[in-house]
Amino acid sequence: MPEGHSIHRLAHAFAELFGGQALAVSSPQGRFADGAALLDGHRLVRTDAHGKHLFLGFAAGRVGEGPDGADLRWLRVHLGLYGSWTFSGDSTFSGPHAIGAPRRRVGEEEQAVAGIDAAAPGEWTPPAPRGAVRVRLLGTHGVADLTGAAACEVVTPAEKVAVQGRLGPDPIRADGDGEEFVRRAGGRRRAIGELLMDQEVISGVGNIYRSESLHRARLHPRRLGRDVPLARLRALWGDLATLMADGVATGRIVTVDAEHALDDAADPEAARWYVYHRTGRPCLVCGARVSETDMQGRRVFWCSRCQRAPRRRT
DNA sequence: TTGGAATGGACAA
DNA sequence: TGTCCCTTCCAAT
């Protein structure tokens with residue numbers, strides 16, 4: 001799935017494209033029909049993102065049926081590994097684009113959906129759903145279709161709070177607390193490569209940011225949390241905050257500093273990432289071959305020279 | 001035509 | 001630890 005930066009971009013996109021509008025909510029696929037009925041005709045009034053969870057807040061009352069009230073109905077969406085949102089709309093919509101599509105090809109960007117021309121306002125009609133669309137949100141000028149999500153449900157404000165309470169600090173959020181990350185990761189007997197992927201320790205980090213931030217920090221993925229000095233954990237948090245904020249701004253994960261970027265036509269990924277999906281290729285910093293191993297069912301990459309292996313414990 | 005793999009995670013044993 | 005779920009799409013048959 002897209003990592004945390006994409007979810008924050010989605011929260012911004014929904015606020016810009018649909019904020020304040022009463023939306024027609026449906027489930028073309030049918031598997032979310034009950035949830036869609038709870039939201040249909042309600043105004044989207046808030047959006048939020050925490051880690052990889054997207055929250056869309058709808059006013060409790062339908063338009064014209066009494067006050068909105070303080071209570072919101074939140075649509076909680078977790079894209080999982082293959083979920084995606086696809087947007088399209090008229091010429092006043094910010095162009096048809098998909099955010100968070102499954103990235104079959106590594107390095108693929110958020111891309112415009114081909115073959116859809118922007119229509120003038122009033123002449124636009126929503127396209128037929130493509131694929132198994134779990135939820136369709138239809139506004140005045142555009143539509144957003146959700147497919148493949150691992151989680152999609154309507155929750156109460158209290159339930160939203162409960163979900164967030166289980167999540168670790170998010171480096172992208174204003175309330176993201178680096179010291180909380182240090183507390184949750186420091187002293188732990190688990191590998192730092194596992195801790196970074198544990199959403200209760202830090203939320204929003206995915207498989208690319210994991211390998212890349214550890215390389216930038218010169219930390220081996222198997223180094224135990226308790227063996228990482230607190231100052232280096234703080235630095236790791238700070239670097240992730242910078243990298244992920246950049247990801248929110250650009251929609252791309254780019255972790256290679258300019259001084260290390262290669263202009264190699266045979267290896268276009270070389271300009272973006274130090275080690276991710278670069279097994280056997282030279283490290284951009286030292287030239288040693290990039291290594292790969294499995295860590296809890298996911299691939300993790302590192303440079304065997306820049307990131308020294310921890311001493312074995314028995 | 002089939003089958004992995006893809007930037008996750010919940011749950012059972 | 002393993003299993004399962006959700007969808008897409010390209011490489012290998």
# chains A, B, ... in the order shown; residues from 1 in each chain; ligands from 1
$ closest_atom_pairs --of "chain A" --to "chain C" --cutoff "9 Å" --atoms "only C-alpha atoms (C1' of nucleotides)" --output "tab-separated table"
residue	atom	partner	partner_atom	distance
A:Leu79	CA	C:DC6	C1'	8.8
A:Gly80	CA	C:DC6	C1'	7.5
A:Leu81	CA	C:DC6	C1'	7.8
A:Tyr82	CA	C:DT7	C1'	5.8
A:Gly83	CA	C:DT7	C1'	7.1
A:Pro102	CA	C:DT8	C1'	7.1
A:Arg103	CA	C:DT8	C1'	9.0
A:Arg104	CA	C:DC9	C1'	6.9
A:Gly131	CA	C:DT7	C1'	8.8
A:Ala132	CA	C:DT7	C1'	8.3
A:Thr147	CA	C:DT7	C1'	7.3
A:Gly148	CA	C:DC6	C1'	5.0
A:Ala149	CA	C:DC6	C1'	6.0
A:Ala150	CA	C:DC6	C1'	5.4
A:Ala151	CA	C:DC6	C1'	8.7
$ interface_residues --of "chain B" --to "chain A" --cutoff "6 Å" --atoms "only C-alpha atoms (C1' of nucleotides)" --output "list in words"
DA6, DT7 and DG8 of chain B
$ select_by_dssp --residues "range 207-296 of chain A" --states "strand (DSSP E)" --output "list in words"
Val290, Ser291, Glu292, Thr293, Asp294 and Met295 of chain A
$ atom_distance --atom1 "CA of Gly247 in chain A" --atom2 "CA of His8 in chain A"
9.5 Å
$ select_by_dssp --residues "range 223-290 of chain A" --states "helix (DSSP H, G or I)" --output "ChimeraX atom specification"
/A:225-227,230-250,258-260,268-271
$ atom_distance --atom1 "CA of Arg9 in chain A" --atom2 "CA of Ala49 in chain A"
8.8 Å
$ atom_distance --atom1 "CA of Ala174 in chain A" --atom2 "CA of Leu236 in chain A"
17.2 Å
